[in-house]
>>> print(open('structure_21.txt').read())   # compact mmCIF, C-alpha atoms
# COMPACT_ATOMS: atom_id res chain seq x y z
CA MET H 1 -4.79 -4.04 23.85
CA THR H 2 -4.12 -5.52 20.45
CA GLN H 3 -6.26 -4.58 17.45
CA PRO H 4 -7.81 -7.20 15.18
CA TYR H 5 -6.46 -5.47 12.06
CA GLY H 6 -3.05 -4.05 11.31
CA GLU H 7 -2.70 -0.30 10.93
CA LEU H 8 -0.34 2.13 9.26
CA SER H 9 2.06 3.42 11.89
CA ASN H 10 3.87 5.42 9.17
CA PRO H 11 2.90 5.90 5.52
CA ASP H 12 5.22 3.00 4.55
CA THR H 13 4.87 0.81 7.67
CA LEU H 14 2.19 -1.69 8.62
CA THR H 15 2.02 -2.59 12.32
CA ILE H 16 0.00 -5.58 13.46
CA GLU H 17 -0.27 -6.93 17.00
CA ARG H 18 -1.45 -10.18 18.51
CA LEU H 19 -1.73 -11.51 22.05
CA LEU H 20 -0.60 -15.14 21.90
CA PRO H 21 -0.45 -18.05 24.35
CA GLY H 22 2.95 -18.06 26.07
CA PRO H 23 5.51 -18.44 27.27
CA VAL H 24 7.73 -16.12 25.25
CA GLU H 25 10.30 -18.88 24.64
CA ARG H 26 7.65 -20.96 22.88
CA VAL H 27 6.57 -18.10 20.62
CA TRP H 28 10.24 -17.38 19.82
CA GLN H 29 10.63 -21.00 18.71
CA TYR H 30 7.70 -20.58 16.30
CA LEU H 31 9.49 -17.56 14.81
CA THR H 32 12.93 -19.11 14.48
CA ASP H 33 12.70 -22.91 14.26
CA PRO H 34 12.24 -23.87 10.58
CA GLU H 35 9.91 -26.81 11.31
CA LEU H 36 7.65 -24.83 13.64
CA ARG H 37 7.73 -21.75 11.37
CA ARG H 38 6.73 -23.98 8.42
CA GLN H 39 3.43 -24.66 10.17
CA TRP H 40 2.30 -21.02 10.01
CA LEU H 41 4.58 -19.05 7.66
CA ALA H 42 7.51 -20.64 5.82
CA ALA H 43 10.26 -23.19 6.39
CA GLY H 44 13.91 -22.54 5.71
CA PRO H 45 17.14 -21.86 7.54
CA MET H 46 17.79 -18.70 9.48
CA THR H 47 21.19 -17.69 10.89
CA LEU H 48 20.23 -15.81 14.06
CA GLU H 49 22.94 -13.14 14.12
CA PRO H 50 23.39 -9.78 12.39
CA ASP H 51 24.18 -10.28 8.69
CA GLY H 52 22.96 -13.89 8.95
CA GLU H 53 21.03 -15.34 6.06
CA VAL H 54 17.26 -15.89 6.03
CA GLU H 55 15.64 -18.26 3.57
CA LEU H 56 11.86 -18.51 3.66
CA ARG H 57 10.34 -21.43 1.72
CA PHE H 58 6.64 -20.73 1.35
CA HIS H 59 4.08 -23.46 0.63
CA ASN H 60 0.94 -21.42 1.32
CA SER H 61 -1.40 -23.87 -0.41
CA GLN H 62 -0.28 -26.63 1.96
CA LEU H 63 -0.71 -24.68 5.21
CA SER H 64 -4.34 -25.49 5.97
CA GLY H 65 -4.43 -29.01 4.61
CA ALA H 66 -7.76 -28.19 2.97
CA GLU H 67 -8.68 -27.90 -0.68
CA ASP H 68 -7.74 -24.27 -1.11
CA THR H 69 -7.18 -22.50 -4.44
CA PRO H 70 -5.41 -19.14 -4.58
CA PRO H 71 -7.13 -16.10 -6.09
CA ALA H 72 -5.93 -15.42 -9.66
CA LYS H 73 -3.59 -12.63 -8.59
CA TYR H 74 -1.78 -15.06 -6.26
CA ALA H 75 -1.75 -18.10 -8.58
CA GLN H 76 2.03 -17.77 -9.02
CA TYR H 77 2.36 -18.52 -5.28
CA ASP H 78 0.38 -21.77 -5.40
CA ASP H 79 3.57 -23.83 -5.41
CA GLU H 80 6.74 -23.27 -3.43
CA HIS H 81 8.33 -19.86 -3.63
CA ILE H 82 11.49 -18.75 -1.86
CA GLN H 83 12.51 -15.40 -0.44
CA ARG H 84 15.96 -14.59 0.85
CA GLY H 85 16.86 -11.84 3.26
CA THR H 86 19.42 -10.79 5.83
CA ILE H 87 19.13 -10.62 9.61
CA LEU H 88 19.41 -7.02 10.78
CA ALA H 89 18.89 -7.59 14.53
CA CYS H 90 18.41 -10.61 16.77
CA GLU H 91 17.82 -10.45 20.52
CA PRO H 92 16.54 -13.91 21.54
CA HIS H 93 13.04 -13.96 22.99
CA ARG H 94 12.64 -10.22 22.34
CA LEU H 95 13.42 -9.00 18.80
CA LEU H 96 14.00 -10.40 15.33
CA ARG H 97 14.37 -8.08 12.33
CA PHE H 98 15.36 -8.94 8.76
CA THR H 99 15.10 -7.77 5.16
CA TRP H 100 12.16 -8.99 3.09
CA PRO H 101 12.34 -8.76 -0.72
CA MET H 102 9.18 -7.70 -2.57
CA GLY H 103 9.76 -7.69 -6.29
CA ASP H 104 12.50 -5.17 -6.98
CA GLU H 105 12.13 -3.52 -3.55
CA MET H 106 13.76 -4.50 -0.27
CA THR H 107 11.48 -4.10 2.73
CA GLU H 108 12.06 -4.91 6.40
CA VAL H 109 10.05 -6.89 8.91
CA SER H 110 10.49 -6.94 12.68
CA PHE H 111 8.98 -9.19 15.33
CA GLU H 112 8.93 -7.84 18.88
CA LEU H 113 7.92 -10.08 21.78
CA SER H 114 6.99 -9.02 25.30
CA PRO H 115 5.54 -11.15 28.09
CA GLN H 116 2.04 -10.12 29.23
CA GLY H 117 1.35 -12.41 32.18
CA GLU H 118 0.82 -15.90 30.74
CA LYS H 119 0.45 -14.44 27.25
CA VAL H 120 2.94 -12.89 24.83
CA LYS H 121 2.40 -9.68 22.91
CA LEU H 122 3.74 -9.99 19.36
CA VAL H 123 4.19 -6.79 17.36
CA ILE H 124 5.07 -7.12 13.69
CA ARG H 125 6.23 -4.04 11.81
CA HIS H 126 6.69 -4.37 8.07
CA SER H 127 8.33 -1.22 6.73
CA LEU H 128 9.68 0.39 3.56
CA LEU H 129 6.51 -0.55 1.68
CA GLN H 130 6.55 1.87 -1.24
CA ARG H 131 3.66 0.50 -3.33
CA GLY H 132 0.01 0.18 -2.44
CA GLU H 133 -0.22 -3.35 -3.85
CA HIS H 134 2.68 -4.40 -1.62
CA LEU H 135 1.03 -2.83 1.41
CA LEU H 136 -2.22 -4.63 0.68
CA SER H 137 -0.48 -7.96 0.11
CA VAL H 138 1.56 -7.58 3.31
CA ALA H 139 -1.46 -6.58 5.42
CA SER H 140 -3.68 -9.47 4.32
CA GLY H 141 -0.72 -11.87 4.30
CA TRP H 142 0.38 -11.13 7.87
CA HIS H 143 -3.22 -11.15 9.05
CA THR H 144 -3.71 -14.63 7.58
CA HIS H 145 -0.35 -16.06 8.65
CA LEU H 146 -0.96 -14.80 12.20
CA ALA H 147 -4.32 -16.61 12.24
CA PHE H 148 -2.31 -19.75 11.50
CA LEU H 149 0.23 -18.99 14.22
CA LEU H 150 -2.52 -18.50 16.79
CA ALA H 151 -4.27 -21.71 15.70
CA ARG H 152 -1.01 -23.69 15.93
CA LEU H 153 -0.19 -22.27 19.37
CA GLU H 154 -3.72 -23.12 20.56
CA GLN H 155 -3.57 -26.56 18.86
CA GLN H 156 -6.62 -25.77 16.74
CA GLN H 157 -7.37 -26.21 13.05
CA PRO H 158 -6.44 -23.05 11.12
CA PRO H 159 -8.75 -21.50 8.51
CA ALA H 160 -8.39 -22.06 4.76
CA PHE H 161 -5.38 -19.97 3.76
CA TRP H 162 -6.40 -18.53 0.38
CA ALA H 163 -10.01 -17.92 1.37
CA THR H 164 -8.79 -15.96 4.41
CA ILE H 165 -6.37 -13.93 2.26
CA ALA H 166 -9.18 -13.01 -0.14
CA GLU H 167 -11.52 -12.03 2.68
CA THR H 168 -8.99 -9.96 4.62
CA GLU H 169 -7.59 -8.31 1.48
CA GLY H 170 -10.99 -6.77 0.77
CA GLU H 171 -11.26 -5.51 4.34
CA TYR H 172 -7.72 -4.07 4.30
CA ALA H 173 -8.37 -2.39 0.95
CA ARG H 174 -11.36 -0.65 2.54
CA ARG H 175 -9.50 0.26 5.74
CA LEU H 176 -6.36 1.51 3.98
CA GLY H 177 -8.11 3.16 1.03
CA LEU H 178 -6.43 0.89 -1.53
CA THR H 179 -7.64 -1.00 -4.60
CA PRO H 180 -7.65 -4.81 -4.23
>>> encode(input="structure_21.txt", output="structure tokens")
Amino acid sequence: MTQPYGELSNPDTLTIERLLPGPVERVWQYLTDPELRRQWLAAGPMTLEPDGEVELRFHNSQLSGAEDTPPAKYAQYDDEHIQRGTILACEPHRLLRFTWPMGDEMTEVSFELSPQGEKVKLVIRHSLLQRGEHLLSVASGWHTHLAFLLARLEQQQPPAFWATIAETEGEYARRLGLTP
């Protein structure tokens, strides 16, 4: 059973799970196809082989299509921002893992997919998170982006992005014992 909130599986690793509408091939497309990924996370090319390049072009303020202003601490992310990483592992329809820069630190994120009847279990592990503020940002960020993924897969209107970040950040701060 998936939990509504991500949890620390190690002191530096956030694990978050979701049960999504399948099939697994469709969910894989939302992870890897730049146009589909743009609808819930970020656009940009991804070379799906070890040592392949990942470019994530975030436009968080445009995700929900609603009037949505970022909290002050995220104002720098109101417009496009780009992150570049490297594919570490790629097993189509099962596993995608790549580096994820956070300031001067390099973290890693993995997406694991497994069929569960007509649904797909998605497990995201974001590791090598050395700072509390990064952990808090990652937790509320993945929580919010996954709400968008679920809404897109169910062909529903997603929530307001920045309002959801602000709400979930407070809850994650409480759950993880961190300062927002």
>>> atom_distance(input="structure_21.txt", atom1="atom CA of Ala43 of chain H", atom2="atom CA of Arg57 of chain H")
5.0 Å
>>> residues_around(input="structure_21.txt", residues="Arg84 of chain H", least_positions_apart="2", cutoff="12 Å", atoms="all atoms listed in the file", output="PDB file with C-alpha atoms, in the frame of the given file")
ATOM      1  CA  ALA H  42       7.510 -20.640   5.820  1.00  0.00           C
ATOM      2  CA  ALA H  43      10.260 -23.190   6.390  1.00  0.00           C
ATOM      3  CA  GLY H  44      13.910 -22.540   5.710  1.00  0.00           C
ATOM      4  CA  PRO H  45      17.140 -21.860   7.540  1.00  0.00           C
ATOM      5  CA  MET H  46      17.790 -18.700   9.480  1.00  0.00           C
ATOM      6  CA  THR H  47      21.190 -17.690  10.890  1.00  0.00           C
ATOM      7  CA  GLY H  52      22.960 -13.890   8.950  1.00  0.00           C
ATOM      8  CA  GLU H  53      21.030 -15.340   6.060  1.00  0.00           C
ATOM      9  CA  VAL H  54      17.260 -15.890   6.030  1.00  0.00           C
ATOM     10  CA  GLU H  55      15.640 -18.260   3.570  1.00  0.00           C
ATOM     11  CA  LEU H  56      11.860 -18.510   3.660  1.00  0.00           C
ATOM     12  CA  ARG H  57      10.340 -21.430   1.720  1.00  0.00           C
ATOM     13  CA  PHE H  58       6.640 -20.730   1.350  1.00  0.00           C
ATOM     14  CA  HIS H  81       8.330 -19.860  -3.630  1.00  0.00           C
ATOM     15  CA  ILE H  82      11.490 -18.750  -1.860  1.00  0.00           C
ATOM     16  CA  THR H  86      19.420 -10.790   5.830  1.00  0.00           C
ATOM     17  CA  ILE H  87      19.130 -10.620   9.610  1.00  0.00           C
ATOM     18  CA  PHE H  98      15.360  -8.940   8.760  1.00  0.00           C
ATOM     19  CA  THR H  99      15.100  -7.770   5.160  1.00  0.00           C
ATOM     20  CA  TRP H 100      12.160  -8.990   3.090  1.00  0.00           C
ATOM     21  CA  PRO H 101      12.340  -8.760  -0.720  1.00  0.00           C
ATOM     22  CA  MET H 102       9.180  -7.700  -2.570  1.00  0.00           C
ATOM     23  CA  GLY H 103       9.760  -7.690  -6.290  1.00  0.00           C
ATOM     24  CA  MET H 106      13.760  -4.500  -0.270  1.00  0.00           C
ATOM     25  CA  THR H 107      11.480  -4.100   2.730  1.00  0.00           C
ATOM     26  CA  GLU H 108      12.060  -4.910   6.400  1.00  0.00           C
TER      27      GLU H 108
END
>>> closest_residue(input="structure_21.txt", among="H:Leu150, H:Leu136, H:Ala173, H:Leu36", to="Asp12 of chain H", atoms="only C-alpha atoms")
H:Leu136
>>> atom_distance(input="structure_21.txt", atom1="atom CA of Asp33 of chain H", atom2="atom CA of Pro92 of chain H")
12.2 Å
>>> closest_residue(input="structure_21.txt", among="H:Arg97, H:Lys121, H:Arg175, H:Lys73", to="Val24 of chain H", atoms="all atoms listed in the file")
H:Lys121
>>> residues_around(input="structure_21.txt", residues="Ser110 of chain H", least_positions_apart="2", cutoff="12 Å", atoms="all atoms listed in the file", output="JSON, numbers by chain")
{"H": [13, 14, 15, 16, 17, 31, 86, 87, 88, 89, 90, 91, 94, 95, 96, 97, 98, 99, 100, 107, 108, 112, 113, 122, 123, 124, 125, 126, 127, 128, 142]}
>>> atom_distance(input="structure_21.txt", atom1="atom CA of Tyr5 of chain H", atom2="atom CA of Ala139 of chain H")
8.4 Å
>>> closest_residue(input="structure_21.txt", among="H:Gln130, H:Ile165, H:Gly117, H:Asp68", to="Leu146 of chain H", atoms="only C-alpha atoms")
H:Ile165
>>> closest_residue(input="structure_21.txt", among="H:Pro115, H:Ala72, H:Arg38, H:Glu105", to="Ala166 of chain H", atoms="only C-alpha atoms")
H:Ala72
>>> closest_residue(input="structure_21.txt", among="H:Asp104, H:Ser64, H:Ser114, H:His143", to="Leu129 of chain H", atoms="only C-alpha atoms")
H:Asp104
>>> closest_residue(input="structure_21.txt", among="H:Gln83, H:His145, H:Tyr30, H:Arg18", to="Thr168 of chain H", atoms="only C-alpha atoms")
H:His145
>>> axis_aligned_box(input="structure_21.txt", around="segment 69-87 of chain H", padding_each_side="3 Å", output="AutoDock Vina command-line options")
--center_x 6.1 --center_y -17.2 --center_z 0.0 --size_x 32.6 --size_y 19.2 --size_z 25.3
